file data10.cif (mmCIF, C-alpha atoms)
data_model
loop_
_atom_site.label_atom_id
_atom_site.label_comp_id
_atom_site.auth_asym_id
_atom_site.auth_seq_id
_atom_site.Cartn_x
_atom_site.Cartn_y
_atom_site.Cartn_z
CA MET A 17 255.46 104.64 128.86
CA SER A 18 252.00 103.10 129.07
CA THR A 19 250.69 101.53 132.18
CA SER A 20 248.08 98.83 132.39
CA ASP A 21 245.57 101.48 133.57
CA THR A 22 245.81 103.55 130.39
CA ILE A 23 245.59 100.64 127.95
CA GLN A 24 242.21 100.31 126.26
CA VAL A 25 240.90 97.24 124.43
CA ARG A 26 238.52 97.61 121.49
CA ASP A 27 237.48 95.92 118.26
CA ALA A 28 240.10 96.17 115.54
CA THR A 29 238.99 97.84 112.32
CA GLU A 30 240.31 97.73 108.79
CA ALA A 31 242.00 101.08 109.46
CA ASP A 32 244.10 99.43 112.20
CA MET A 33 245.53 96.74 109.99
CA ALA A 34 248.73 98.56 108.97
CA ALA A 35 249.76 98.86 112.64
CA ILE A 36 248.69 95.27 113.29
CA ARG A 37 250.64 94.10 110.26
CA ASP A 38 253.77 95.79 111.62
CA ILE A 39 253.43 93.97 114.95
CA TYR A 40 252.87 90.64 113.22
CA ALA A 41 255.68 91.22 110.71
CA HIS A 42 258.15 91.63 113.57
CA HIS A 43 257.05 88.31 115.09
CA VAL A 44 257.26 86.52 111.73
CA ALA A 45 260.72 87.94 111.02
CA THR A 46 262.27 87.38 114.44
CA GLY A 47 260.45 84.65 116.36
CA GLY A 48 259.04 81.16 116.36
CA GLY A 49 255.60 82.22 117.56
CA SER A 50 254.46 82.21 113.95
CA PHE A 51 255.57 79.52 111.55
CA GLU A 52 255.16 81.86 108.58
CA TYR A 53 258.39 82.74 106.80
CA ASP A 54 257.32 85.92 105.02
CA PRO A 55 255.25 88.65 106.66
CA PRO A 56 251.96 89.19 104.81
CA ASP A 57 251.17 92.59 103.38
CA VAL A 58 248.44 94.88 104.70
CA ALA A 59 245.93 93.70 102.08
CA GLU A 60 246.37 90.10 103.25
CA MET A 61 246.01 91.13 106.89
CA ILE A 62 242.78 92.96 105.99
CA ARG A 63 241.54 89.80 104.28
CA ARG A 64 242.43 87.65 107.30
CA ARG A 65 240.69 89.99 109.74
CA ALA A 66 237.59 90.11 107.56
CA ALA A 67 237.45 86.30 107.48
CA VAL A 68 237.60 86.15 111.30
CA VAL A 69 235.00 88.88 111.81
CA ASP A 70 232.70 87.59 109.04
CA ALA A 71 232.71 84.17 110.74
CA GLY A 72 231.48 85.86 113.95
CA TYR A 73 234.67 85.70 115.99
CA PRO A 74 236.28 88.58 117.92
CA TYR A 75 239.29 90.45 116.55
CA ILE A 76 240.49 93.02 119.08
CA LEU A 77 243.40 95.32 119.82
CA ALA A 78 244.97 97.09 122.76
CA GLU A 79 245.97 100.72 122.43
CA ASP A 80 247.32 103.53 124.51
CA ALA A 81 246.93 107.15 123.39
CA GLY A 82 245.98 105.94 119.91
CA ARG A 83 249.01 103.65 119.50
CA VAL A 84 248.31 99.98 118.83
CA LEU A 85 250.26 97.88 121.34
CA GLY A 86 248.97 94.43 120.45
CA TYR A 87 246.09 92.47 119.03
CA ALA A 88 244.28 89.19 119.52
CA TYR A 89 241.59 87.17 117.85
CA ALA A 90 239.77 83.89 118.14
CA GLY A 91 238.79 81.56 115.36
CA ALA A 92 237.56 78.09 114.74
CA TYR A 93 239.84 75.47 116.26
CA ARG A 94 239.00 73.06 113.46
CA PRO A 95 236.39 73.24 110.69
CA ARG A 96 234.33 70.12 111.47
CA ARG A 97 230.99 70.67 113.19
CA ALA A 98 231.87 68.68 116.31
CA TYR A 99 234.47 71.36 117.15
CA ARG A 100 231.93 74.23 117.00
CA TYR A 101 232.20 74.96 120.74
CA THR A 102 235.99 75.23 120.65
CA VAL A 103 238.00 78.28 119.60
CA GLU A 104 241.69 78.88 119.10
CA ASP A 105 243.24 82.12 120.31
CA SER A 106 246.07 84.19 118.89
CA VAL A 107 247.76 87.04 120.76
CA TYR A 108 250.56 89.29 119.49
CA VAL A 109 252.14 92.19 121.38
CA ALA A 110 254.45 94.88 120.00
CA GLU A 111 258.08 94.27 120.88
CA ASP A 112 258.38 97.44 122.95
CA ALA A 113 255.11 96.78 124.83
CA HIS A 114 256.01 93.48 126.47
CA ARG A 115 255.58 93.13 130.24
CA ARG A 116 253.05 95.97 130.49
CA GLY A 117 249.92 93.84 130.82
CA VAL A 118 248.94 94.17 127.16
CA GLY A 119 248.73 90.44 126.47
CA GLN A 120 246.82 89.81 129.69
CA LYS A 121 244.24 92.51 128.89
CA LEU A 122 243.80 91.16 125.36
CA LEU A 123 243.49 87.53 126.40
CA ALA A 124 241.11 88.36 129.27
CA GLU A 125 238.81 90.20 126.86
CA LEU A 126 239.01 87.40 124.30
CA ILE A 127 238.11 84.85 126.98
CA ARG A 128 235.22 87.03 128.18
CA ARG A 129 233.80 87.46 124.68
CA CYS A 130 234.16 83.81 123.69
CA THR A 131 232.56 82.66 126.94
CA ALA A 132 229.65 85.06 126.39
CA GLU A 133 229.16 83.58 122.91
CA GLY A 134 228.78 80.09 124.36
CA TYR A 135 232.13 78.59 123.45
CA ARG A 136 233.26 75.92 125.91
CA GLN A 137 236.98 75.46 125.24
CA MET A 138 239.79 77.74 124.15
CA ILE A 139 242.93 76.24 122.67
CA ALA A 140 246.29 77.98 122.38
CA VAL A 141 248.66 76.50 119.82
CA ILE A 142 251.94 78.19 120.72
CA GLY A 143 254.77 78.06 118.24
CA ASP A 144 258.15 77.26 119.78
CA SER A 145 258.35 75.62 123.19
CA GLY A 146 260.91 78.31 124.01
CA ASN A 147 258.20 80.99 123.70
CA ALA A 148 258.23 81.58 127.47
CA GLY A 149 256.23 84.82 127.29
CA SER A 150 253.24 83.28 125.56
CA ILE A 151 253.32 80.11 127.64
CA SER A 152 253.52 82.18 130.84
CA LEU A 153 250.68 84.47 129.73
CA HIS A 154 248.39 81.54 128.98
CA ARG A 155 249.29 79.78 132.22
CA LYS A 156 248.59 83.00 134.17
CA MET A 157 245.15 83.16 132.52
CA GLY A 158 244.30 79.61 133.64
CA PHE A 159 245.32 77.54 130.61
CA ARG A 160 246.99 74.22 131.21
CA GLU A 161 249.47 72.53 128.95
CA VAL A 162 247.93 69.50 127.25
CA GLY A 163 250.69 68.56 124.85
CA VAL A 164 253.86 69.34 122.98
CA THR A 165 254.37 68.32 119.39
CA ARG A 166 258.12 68.06 118.97
CA ASN A 167 260.10 69.26 115.96
CA ILE A 168 256.98 70.07 113.94
CA GLY A 169 258.24 73.27 112.29
CA PHE A 170 261.57 74.31 110.80
CA LYS A 171 262.51 77.98 110.84
CA PHE A 172 265.71 79.97 111.40
CA GLY A 173 267.79 76.85 110.81
CA ARG A 174 266.29 74.93 113.71
CA TRP A 175 263.40 72.67 114.59
CA LEU A 176 260.51 74.20 116.52
CA ASP A 177 258.00 72.53 118.80
CA SER A 178 254.35 73.47 119.15
CA VAL A 179 252.86 73.72 122.64
CA THR A 180 249.12 73.14 123.03
CA MET A 181 247.36 74.68 126.02
CA GLN A 182 243.66 74.54 126.91
CA LEU A 183 241.20 76.56 128.98
CA ALA A 184 237.63 75.52 129.78
CA LEU A 185 235.19 78.38 129.16
CA GLY A 186 232.01 78.66 131.22
CA ASP A 187 230.88 75.15 132.13
CA GLY A 188 233.47 73.63 129.80
CA GLY A 189 232.52 69.98 129.39
CA ASP A 190 230.52 69.78 132.63
CA SER A 191 227.19 70.41 130.93
CA LEU A 192 225.65 70.05 127.49
CA PRO A 193 225.48 73.07 125.19
CA GLU A 194 222.12 74.80 124.93
CA ASP A 195 221.48 74.26 121.24
#
call {"tool": "encode", "arguments": {"input": "data10.cif", "output": "C-alpha cells"}}
result
Amino acid sequence: MSTSDTIQVRDATEADMAAIRDIYAHHVATGGGSFEYDPPDVAEMIRRRAAVVDAGYPYILAEDAGRVLGYAYAGAYRPRRAYRYTVEDSVYVAEDAHRRGVGQKLLAELIRRCTAEGYRQMIAVIGDSGNAGSISLHRKMGFREVGVTRNIGFKFGRWLDSVTMQLALGDGGDSLPED
C-alpha cells in the first residue's frame, strides 16, 4: 500500500496514457464526475493530452513504484481572451488509491505550476453535487463553492448537478496582470 511519502508527481507522457485511460474509463463508466457516456480509447486520450500540453498547460500524474495512481491537468477555462488568466482543473484518482493523498498531491502541484505561470484564478467544475470526494479535496485546497447548476446533465438514469468552485492564484484579482 502506498503512503503519501512514496507518491511522486511528474509530467505525464504519451507512454502513460494507457494507464491514465484506465483510470478515466472507470470514472466514466461508474461515476458522475465525468459527463461522458463512453470511455475514450487510448488514441483519443493521447490526442487530448497533446492538446493540453501543446497549449502550454500542465498535465501531470502521481505514481508509486511505477504505478500510475492518478492524474491531473489544467486547461483554458473558456476560449475568449478575457479569460486568459483563468484555468480549469481536472483531477482523477484510481479507485483503489482514494484517501491516500494522491488527489491532494496532484492538485497542490497543479496549483503551484499554474500560479508560477501567472494564472490568477483556478476553476473546478465538478460533475455531480454528490461527488463528495472531489468537493472535499477542492475545499481542503482552499477552493470555495461559487455555484451549483442544477440538473444540467443526465446519466445513469438520473439528473446530475455541476458544482463550480474557485481558487484565487497568487494575487488573484487584487492586482493587474503584468502583461
call {"tool": "closest_residue", "arguments": {"input": "data10.cif", "among": "A:Ser145, A:Gln137, A:Thr29, A:Ser152", "to": "Val84 (chain A)", "atoms": "all atoms listed in the file"}}
result
A:Thr29
call {"tool": "residues_around", "arguments": {"input": "data10.cif", "residues": "Phe170 (chain A)", "least_positions_apart": "4", "cutoff": "10 Å", "atoms": "all atoms listed in the file", "output": "ChimeraX atom specification"}}
result
/A:48,51,53,174-177
call {"tool": "atom_distance", "arguments": {"input": "data10.cif", "atom1": "CA of Asp21 (chain A)", "atom2": "CA of Asp38 (chain A)"}}
result
24.1 Å
call {"tool": "residues_around", "arguments": {"input": "data10.cif", "residues": "Ile39 (chain A)", "least_positions_apart": "6", "cutoff": "12 Å", "atoms": "all atoms listed in the file", "output": "PyMOL selection string"}}
result
chain A and resi 32-33+45-47+50+55-58+61+77-78+83-88+107-114
call {"tool": "atom_distance", "arguments": {"input": "data10.cif", "atom1": "CA of Phe159 (chain A)", "atom2": "CA of Tyr73 (chain A)"}}
result
19.8 Å
call {"tool": "resolve_selection", "arguments": {"input": "data10.cif", "expression": "the PyMOL selection byres ((chain A and resi 69) around 12)", "output": "PyMOL selection string"}}
result
chain A and resi 27-30+62-68+70-76+89-92
call {"tool": "axis_aligned_box", "arguments": {"input": "data10.cif", "around": "region 137-150 of chain A", "padding_each_side": "4 Å", "output": "JSON"}}
result
{"center_x": 248.9, "center_y": 80.1, "center_z": 122.9, "size_x": 31.9, "size_y": 17.4, "size_z": 17.2}
call {"tool": "resolve_selection", "arguments": {"input": "data10.cif", "expression": "the PyMOL selection byres ((chain A and resi 134) around 9)", "output": "count of residues only"}}
result
12
call {"tool": "atom_distance", "arguments": {"input": "data10.cif", "atom1": "CA of Gly146 (chain A)", "atom2": "CA of Val118 (chain A)"}}
result
20.1 Å
call {"tool": "resolve_selection", "arguments": {"input": "data10.cif", "expression": "the PyMOL selection byres ((chain A and resi 158) around 12)", "output": "PDB file with C-alpha atoms, keeping the file's coordinate frame"}}
result
ATOM      1  CA  GLN A 120     246.820  89.810 129.690  1.00  0.00           C
ATOM      2  CA  LEU A 123     243.490  87.530 126.400  1.00  0.00           C
ATOM      3  CA  ALA A 124     241.110  88.360 129.270  1.00  0.00           C
ATOM      4  CA  ILE A 127     238.110  84.850 126.980  1.00  0.00           C
ATOM      5  CA  GLN A 137     236.980  75.460 125.240  1.00  0.00           C
ATOM      6  CA  MET A 138     239.790  77.740 124.150  1.00  0.00           C
ATOM      7  CA  ILE A 139     242.930  76.240 122.670  1.00  0.00           C
ATOM      8  CA  ALA A 140     246.290  77.980 122.380  1.00  0.00           C
ATOM      9  CA  ILE A 151     253.320  80.110 127.640  1.00  0.00           C
ATOM     10  CA  SER A 152     253.520  82.180 130.840  1.00  0.00           C
ATOM     11  CA  LEU A 153     250.680  84.470 129.730  1.00  0.00           C
ATOM     12  CA  HIS A 154     248.390  81.540 128.980  1.00  0.00           C
ATOM     13  CA  ARG A 155     249.290  79.780 132.220  1.00  0.00           C
ATOM     14  CA  LYS A 156     248.590  83.000 134.170  1.00  0.00           C
ATOM     15  CA  MET A 157     245.150  83.160 132.520  1.00  0.00           C
ATOM     16  CA  PHE A 159     245.320  77.540 130.610  1.00  0.00           C
ATOM     17  CA  ARG A 160     246.990  74.220 131.210  1.00  0.00           C
ATOM     18  CA  GLU A 161     249.470  72.530 128.950  1.00  0.00           C
ATOM     19  CA  MET A 181     247.360  74.680 126.020  1.00  0.00           C
ATOM     20  CA  GLN A 182     243.660  74.540 126.910  1.00  0.00           C
ATOM     21  CA  LEU A 183     241.200  76.560 128.980  1.00  0.00           C
ATOM     22  CA  ALA A 184     237.630  75.520 129.780  1.00  0.00           C
ATOM     23  CA  LEU A 185     235.190  78.380 129.160  1.00  0.00           C
TER      24      LEU A 185
END
call {"tool": "build_atoms", "arguments": {"input": "data10.cif", "residues": "region 137-168 of chain A", "atoms": "N, CA and C atoms", "output": "CSV table (one decimal), in the coordinates of the input"}}
result
chain,number,residue,atom,x,y,z
A,137,GLN,N,235.5,75.7,125.1
A,137,GLN,CA,237.0,75.5,125.2
A,137,GLN,C,237.7,76.5,124.4
A,138,MET,N,238.9,76.9,124.9
A,138,MET,CA,239.8,77.7,124.2
A,138,MET,C,241.1,77.0,124.1
A,139,ILE,N,241.7,76.9,122.9
A,139,ILE,CA,242.9,76.2,122.7
A,139,ILE,C,244.0,77.3,122.2
A,140,ALA,N,245.1,77.2,122.8
A,140,ALA,CA,246.3,78.0,122.4
A,140,ALA,C,247.3,77.0,121.7
A,141,VAL,N,247.6,77.3,120.5
A,141,VAL,CA,248.7,76.5,119.8
A,141,VAL,C,249.9,77.4,119.7
A,142,ILE,N,250.8,77.3,120.6
A,142,ILE,CA,251.9,78.2,120.7
A,142,ILE,C,253.1,77.7,120.0
A,143,GLY,N,253.6,78.4,119.0
A,143,GLY,CA,254.8,78.1,118.2
A,143,GLY,C,256.0,78.2,119.1
A,144,ASP,N,256.9,77.2,119.1
A,144,ASP,CA,258.2,77.3,119.8
A,144,ASP,C,258.0,77.1,121.3
A,145,SER,N,258.4,75.9,121.8
A,145,SER,CA,258.4,75.6,123.2
A,145,SER,C,259.2,76.6,124.0
A,146,GLY,N,260.1,77.3,123.3
A,146,GLY,CA,260.9,78.3,124.0
A,146,GLY,C,260.2,79.7,124.1
A,147,ASN,N,259.0,79.8,123.7
A,147,ASN,CA,258.2,81.0,123.7
A,147,ASN,C,257.7,81.2,125.1
A,148,ALA,N,258.6,81.5,126.0
A,148,ALA,CA,258.2,81.6,127.5
A,148,ALA,C,257.2,82.6,127.8
A,149,GLY,N,257.2,83.8,127.0
A,149,GLY,CA,256.2,84.8,127.3
A,149,GLY,C,254.8,84.4,127.0
A,150,SER,N,254.6,83.7,125.9
A,150,SER,CA,253.2,83.3,125.6
A,150,SER,C,252.8,82.1,126.5
A,151,ILE,N,253.7,81.2,126.7
A,151,ILE,CA,253.3,80.1,127.6
A,151,ILE,C,253.0,80.7,129.0
A,152,SER,N,253.8,81.6,129.5
A,152,SER,CA,253.5,82.2,130.8
A,152,SER,C,252.2,83.0,130.9
A,153,LEU,N,251.9,83.7,129.8
A,153,LEU,CA,250.7,84.5,129.7
A,153,LEU,C,249.5,83.5,129.8
A,154,HIS,N,249.5,82.5,129.0
A,154,HIS,CA,248.4,81.5,129.0
A,154,HIS,C,248.2,80.8,130.3
A,155,ARG,N,249.3,80.4,130.9
A,155,ARG,CA,249.3,79.8,132.2
A,155,ARG,C,248.7,80.7,133.3
A,156,LYS,N,249.1,82.0,133.2
A,156,LYS,CA,248.6,83.0,134.2
A,156,LYS,C,247.1,83.2,134.0
A,157,MET,N,246.6,83.0,132.8
A,157,MET,CA,245.2,83.2,132.5
A,157,MET,C,244.4,81.9,132.7
A,158,GLY,N,245.0,80.8,133.3
A,158,GLY,CA,244.3,79.6,133.6
A,158,GLY,C,244.4,78.5,132.7
A,159,PHE,N,245.1,78.6,131.6
A,159,PHE,CA,245.3,77.5,130.6
A,159,PHE,C,246.2,76.5,131.2
A,160,ARG,N,246.1,75.3,130.8
A,160,ARG,CA,247.0,74.2,131.2
A,160,ARG,C,247.6,73.6,130.0
A,161,GLU,N,248.8,73.2,130.1
A,161,GLU,CA,249.5,72.5,129.0
A,161,GLU,C,248.9,71.1,128.8
A,162,VAL,N,248.5,70.8,127.5
A,162,VAL,CA,247.9,69.5,127.2
A,162,VAL,C,248.8,68.7,126.3
A,163,GLY,N,249.8,69.3,125.7
A,163,GLY,CA,250.7,68.6,124.8
A,163,GLY,C,251.8,69.4,124.2
A,164,VAL,N,252.8,68.7,123.8
A,164,VAL,CA,253.9,69.3,123.0
A,164,VAL,C,254.1,68.5,121.8
A,165,THR,N,254.0,69.0,120.6
A,165,THR,CA,254.4,68.3,119.4
A,165,THR,C,255.8,68.7,119.1
A,166,ARG,N,256.7,67.8,119.1
A,166,ARG,CA,258.1,68.1,119.0
A,166,ARG,C,258.6,68.2,117.5
A,167,ASN,N,259.4,69.1,117.3
A,167,ASN,CA,260.1,69.3,116.0
A,167,ASN,C,259.1,69.3,114.8
A,168,ILE,N,258.0,70.0,114.9
A,168,ILE,CA,257.0,70.1,113.9
A,168,ILE,C,257.2,71.2,112.9
